[in-house]
Every structure is written in structure tokens, then in C-alpha cells.
Amino acid sequence: MSTVKITKEAFGSTSAGDEVDKYTLTNNAGVSVEIINFGGTIVSIHAPDKNGVTDDVISGYDNVAGYENNPPYFGALIGRVANRICRGKFTLNGKEHQLAINNSPNHLHGGPQGYNMQLWNASVEGSKLILHLTDPDGRENYTGTVQVTVTYELTEDSALSIHYQAKTDQATPLNLTNHTYFNLGGKASPNIYDHLISIAADRYTPKDETCIPTGELAPVDNTPFDLRTPVLLKNRIPLVTEGPPGFDHNFCLNGEGLRCIARVEHAASGRVMEVLTDQPGVQLYTGNFLDGVRGKSGACYQQHHSLALETQVYPDAINQPQFPDCVLKPGEVYDTTTVYKFSCS
Ligand code: GLA
């Protein structure tokens with residue numbers, strides 16, 4: 001029986017007048033995670049540093065209005081299809097789909113009414129926060145009604161696990177992720193330059209100027225994308241200059257099954273985050289487009305303030321048959337888990 005507690009309180013209401021609740025998951029190790037049912041969004045993660053001082057290590061806003069206008073997708077659940085679909089087009093079972101172009105010239109993160117903009121039904125079962133969404137046939141021009149359940153659970157060893165399950169009544173691409181941005185230095189830490197990162201990936205997916213993969217699975221050897229041994233981001237970000245400096249790339253993860261795929265460490269605070277997933281890919285995004293976004297308690301998030309590790313199937317997989325399959329069919333169960341585990345060095 002878990003000793004992790006979950007409490008519930010009001011967080012405000014949407015512009016449409018729907019009430020939003022905030023759930024707080026707290027363990028005995030000093031970690032607490034706040035999640036709202038709007039977008040299934042993680043709004044704070046407090047974790048202790050090496051001296052036992054707890055601080056918020058993620059970016060976000062103070063209120064629902066912030067999350068209703070959230071171009072960086074801070075903290076949110078992302079679907080029906082995370083990442084980009086080339087020009088918003090795909091063909092499945094002979095039917096052509098044209099999706100919204102919300103990241104010109106491509107479709108990004110499920111479109112303007114993606115899962116980050118939906119009010120999820122929430123329930124608590126012991127130490128689990130269970131969120132449910134019915135994503136109807138035709139929303140954002142996707143085919144099929146998808147029933148999605150996302151279960152958040154915090155453990156006493158400070159692992160926040162996100163378990164995604166879904167079923168559909170018609171074949172559909174599906175790629176779910178969470179878009180939390182981390183800065184392990186806490187609220188006052190201005191950027192991620194002093195974060196040490198490693199990602200267990202021998203290959204990555206190079207992309208064109210619109211961020212769509214070229215289709216190649218390129219070896220990381222002798223490139224800035226070789227993160228197999230830890231690197232300080234301040235030494236690597238300036239070497240990745242295809243767009244604004246920094247990473248916004250999918251890494252093809254080594255191995256299979258639930259495994260540790262990335263580690264982030266902030267030496268000054270001693271905070272460490274390990275990422276485990278059973279997914280084939282992860283998007284490392286170093287906040288390249290943050291440009292003074294106003295956030296929690298008057299924060300102003302500048303470029304490279306925080307980083308996201310978005311576990312996923314590779315971007316544009318629906319149009320790239322050599323990539324891992326992203327189609328969910330009737331009768332199948334989509335089932336995937338990602339874990340963010342916090343500790344101190
Ligand atoms: C993803 C994308 C980025 C950016 C962010 C949101 O990580 O890959 O290019 O669009 O979402 O700002």
C-alpha cells in the first residue's frame with residue numbers, strides 16, 4: 001500500500017466557465033507534483049536539492065488562463081499525435097486526411113484543439129491519479145473515436161510515472177507524450193546551460209528546415225548529437241545551429257522495453273532526473289523558441305530556460321514507413337509508460 005497522498009483543490013475556471021481542479025501528489029521524500037485536469041497538465045514538481053531544500057523544477061503558469069494560451073505546451077499531455085505531421089497530410093486505409101497547419105507548414109502536437117486544450121475527467125484510486133478523455137471521431141480531422149486513459153503515479157522513491165492507454169474504433173495515428181520543461185536548478189535558475197545531459201541513442205533523425213525528418217536514421221558518431229556520454233549543455237547548444245541554437249531533435253533510443261534512456265544532472269543543486277520509457281524515441285527540446293514567456297510568480301522564461309524530453313514515436317511516422325509504426329487499430333490496446341525519476345547526486 002503506497003503512502004503517497006493525493007489531495008484535490010480548485011484551480012480556477014476556463015474561459016468557457018468549466019471548473020478546473022488541481023491534484024497534488026506528495027511522497028515522504030519531499031517530492032510533490034501538482035497536476036490539473038485541464039490538458040492533464042503538470043503545473044509544478046517540487047524536488048529537494050542535495051541540502052534538502054525543495055524547489056519547483058518545471059516551467060508553467062499561475063492560472064488556467066496561462067494554460068489556455070500556452071504556445072510552448074508547458075507541462076501538458078499531447079495528442080492525438082505528438083510532434084509534426086508533414087504539411088498536415090496523411091493517407092490511411094485509402095482516406096486522405098488534411099489536418100490543421102498550426103506550425104507552418106506542418107501540423108504540430110495534435111492541432112489547436114489537441115489534448116492539451118481538453119478538460120479531462122479525473123479520479124483518484126489510492127496513489128494513482130487517473131485521467132480520461134474521449135477524443136471524438138472528426139475532431140481536428142482525425143478519424144475514429146479514441147478513448148484515452150493517462151495514469152499519473154508518484155512513488156516513495158520519487159519516480160513520477162505516466163502510463164498511457166488508449167483504444168480506438170477506427171484505425172488512427174496515435175502518439176502520446178507529456179511536454180513538461182525542466183530546469184533542475186529551481187525557480188531562480190535562468191537557463192539550462194549548467195545541466196549535464198546524456199541520452200542513450202546511437203542514432204537520431206536529421207530534419208529539414210521545417211523540422212520534418214528527412215527519413216534518415218543517422219549515426220550520432222562525431223556529431224553534436226552524440227550524447228551517449230554526459231555533456232554540459234552550454235558546450236553543445238552552440239554547435240546545433242540549424243535553426244535557433246539548441247536541440248529540437250528526435251533521438252532513436254537504444255534497446256527496447258522500459259529502460260533508462262536519459263539522465264540530466266544539475267551539479268550546483270545536486271538534482272538528478274532520470275527518464276525511463278518503453279518508447280522508441282525522445283525529442284530533446286532545449287526551449288529554443290522561448291522568448292520571454294511570462295510564467296509563474298512573474299517569471300520571464302528566456303531562450304534555453306528549460307528543457308523537454310518528450311518520449312514518442314518518431315516525428316511524421318505516419319508518412320515514413322521505415323519509422324516505428326504509430327497506427328492504432330480497432331481491437332488493439334495502446335499501452336506505454338514513461339517515468340521521470342528524481343534524486344540527488
Ligand atoms: C516541440 C517542438 C518544438 C516546439 C515545441 C513547442 O518540442 O519540437 O519545435 O514547437 O514543441 O514550442
# chains A, B, ... in the order shown; residues from 1 in each chain; ligands from 1
>>> residues_near_ligand(ligand="ligand 1", cutoff="8 Å", atoms="only C-alpha atoms and all ligand atoms", output="count of residues only")
21
>>> residues_around(residues="Val146 (chain A)", least_positions_apart="4", cutoff="7 Å", atoms="only C-alpha atoms", output="short mmCIF file (atom, residue, chain, number, x, y, z; two decimals) with C-alpha atoms, in the first residue's frame")
data_model
loop_
_atom_site.label_atom_id
_atom_site.label_comp_id
_atom_site.auth_asym_id
_atom_site.auth_seq_id
_atom_site.Cartn_x
_atom_site.Cartn_y
_atom_site.Cartn_z
CA THR A 134 -12.93 10.73 -25.11
CA ASP A 135 -11.41 12.13 -28.31
CA PRO A 136 -14.30 12.05 -30.77
CA ALA A 166 -5.89 4.03 -25.49
CA LYS A 167 -8.36 2.22 -27.71
CA THR A 168 -9.96 3.27 -30.98
CA ASP A 169 -12.95 2.26 -33.10
#
>>> closest_atom_pairs(of="region 53-170 of chain A", to="region 14-23 of chain A", cutoff="10 Å", atoms="only C-alpha atoms", output="Markdown table")
| residue | atom | partner | partner_atom | distance |
| --- | --- | --- | --- | --- |
| A:Asn63 | CA | A:Thr14 | CA | 9.5 |
| A:Val64 | CA | A:Thr14 | CA | 6.1 |
| A:Ala65 | CA | A:Thr14 | CA | 6.8 |
| A:Tyr67 | CA | A:Thr14 | CA | 9.3 |
| A:Glu68 | CA | A:Thr14 | CA | 7.5 |
| A:Leu119 | CA | A:Val20 | CA | 7.8 |
| A:Trp120 | CA | A:Val20 | CA | 9.4 |
| A:Ala122 | CA | A:Asp21 | CA | 8.7 |
| A:Ser123 | CA | A:Tyr23 | CA | 9.7 |
| A:Val124 | CA | A:Tyr23 | CA | 9.1 |
| A:Leu129 | CA | A:Tyr23 | CA | 7.9 |
>>> write_last_selection(atoms="N, CA, C and O atoms", output="PDB file, in the first residue's frame")
ATOM      1  N   ASN A  63      -2.124  30.265 -13.511  1.00  0.00           N
ATOM      2  CA  ASN A  63      -3.577  30.093 -13.582  1.00  0.00           C
ATOM      3  C   ASN A  63      -4.017  29.425 -14.887  1.00  0.00           C
ATOM      4  O   ASN A  63      -3.209  29.207 -15.798  1.00  0.00           O
ATOM      5  N   VAL A  64      -5.322  29.122 -14.935  1.00  0.00           N
ATOM      6  CA  VAL A  64      -5.876  28.405 -16.091  1.00  0.00           C
ATOM      7  C   VAL A  64      -5.677  29.223 -17.368  1.00  0.00           C
ATOM      8  O   VAL A  64      -5.348  28.669 -18.424  1.00  0.00           O
ATOM      9  N   ALA A  65      -5.853  30.546 -17.265  1.00  0.00           N
ATOM     10  CA  ALA A  65      -5.711  31.389 -18.464  1.00  0.00           C
ATOM     11  C   ALA A  65      -4.334  31.183 -19.098  1.00  0.00           C
ATOM     12  O   ALA A  65      -4.201  31.153 -20.328  1.00  0.00           O
ATOM     13  N   TYR A  67      -2.573  28.444 -19.088  1.00  0.00           N
ATOM     14  CA  TYR A  67      -2.551  27.156 -19.800  1.00  0.00           C
ATOM     15  C   TYR A  67      -3.478  27.140 -21.015  1.00  0.00           C
ATOM     16  O   TYR A  67      -3.310  26.322 -21.909  1.00  0.00           O
ATOM     17  N   GLU A  68      -4.459  28.046 -21.049  1.00  0.00           N
ATOM     18  CA  GLU A  68      -5.330  28.127 -22.239  1.00  0.00           C
ATOM     19  C   GLU A  68      -4.611  28.805 -23.405  1.00  0.00           C
ATOM     20  O   GLU A  68      -5.053  28.709 -24.547  1.00  0.00           O
ATOM     21  N   LEU A 119     -10.474  19.310 -21.329  1.00  0.00           N
ATOM     22  CA  LEU A 119     -10.706  19.077 -19.904  1.00  0.00           C
ATOM     23  C   LEU A 119     -10.878  17.567 -19.718  1.00  0.00           C
ATOM     24  O   LEU A 119     -11.788  16.965 -20.302  1.00  0.00           O
ATOM     25  N   TRP A 120      -9.986  16.962 -18.969  1.00  0.00           N
ATOM     26  CA  TRP A 120     -10.001  15.514 -18.765  1.00  0.00           C
ATOM     27  C   TRP A 120     -10.843  15.180 -17.530  1.00  0.00           C
ATOM     28  O   TRP A 120     -10.907  15.967 -16.588  1.00  0.00           O
ATOM     29  N   ALA A 122     -11.173  13.334 -14.157  1.00  0.00           N
ATOM     30  CA  ALA A 122     -10.146  12.860 -13.225  1.00  0.00           C
ATOM     31  C   ALA A 122     -10.762  12.049 -12.101  1.00  0.00           C
ATOM     32  O   ALA A 122     -11.859  12.343 -11.636  1.00  0.00           O
ATOM     33  N   SER A 123     -10.044  11.008 -11.682  1.00  0.00           N
ATOM     34  CA  SER A 123     -10.426  10.277 -10.475  1.00  0.00           C
ATOM     35  C   SER A 123      -9.157   9.815  -9.771  1.00  0.00           C
ATOM     36  O   SER A 123      -8.099   9.715 -10.395  1.00  0.00           O
ATOM     37  N   VAL A 124      -9.299   9.557  -8.481  1.00  0.00           N
ATOM     38  CA  VAL A 124      -8.144   9.128  -7.686  1.00  0.00           C
ATOM     39  C   VAL A 124      -8.414   7.716  -7.206  1.00  0.00           C
ATOM     40  O   VAL A 124      -9.497   7.411  -6.700  1.00  0.00           O
ATOM     41  N   LEU A 129      -3.507   9.001  -9.920  1.00  0.00           N
ATOM     42  CA  LEU A 129      -4.429   9.988 -10.489  1.00  0.00           C
ATOM     43  C   LEU A 129      -4.741   9.516 -11.904  1.00  0.00           C
ATOM     44  O   LEU A 129      -3.837   9.387 -12.741  1.00  0.00           O
TER      45      LEU A 129
END
>>> closest_atom_pairs(of="region 208-310 of chain A", to="region 320-338 of chain A", cutoff="10 Å", atoms="only C-alpha atoms", output="tab-separated table")
residue	atom	partner	partner_atom	distance
A:Pro213	CA	A:Gln320	CA	8.8
A:Thr214	CA	A:Gln320	CA	9.2
A:Gly215	CA	A:Gln320	CA	6.7
A:Glu216	CA	A:Gln322	CA	9.2
A:Leu217	CA	A:Phe323	CA	9.0
A:Cys252	CA	A:Phe323	CA	9.9
A:Gly257	CA	A:Thr337	CA	9.4
A:Leu258	CA	A:Thr337	CA	7.3
A:Arg259	CA	A:Thr338	CA	9.3
A:Cys260	CA	A:Thr338	CA	9.6
A:Val275	CA	A:Thr338	CA	7.2
A:Leu276	CA	A:Thr338	CA	5.6
A:Thr277	CA	A:Thr338	CA	4.3
A:Asp278	CA	A:Thr337	CA	6.1
A:Gln279	CA	A:Thr336	CA	7.0
A:Pro280	CA	A:Pro324	CA	7.4
A:Gly281	CA	A:Pro324	CA	9.2
A:Glu310	CA	A:Thr338	CA	9.4
>>> atom_distance(atom1="CA of Thr54 (chain A)", atom2="CA of Glu9 (chain A)")
21.4 Å
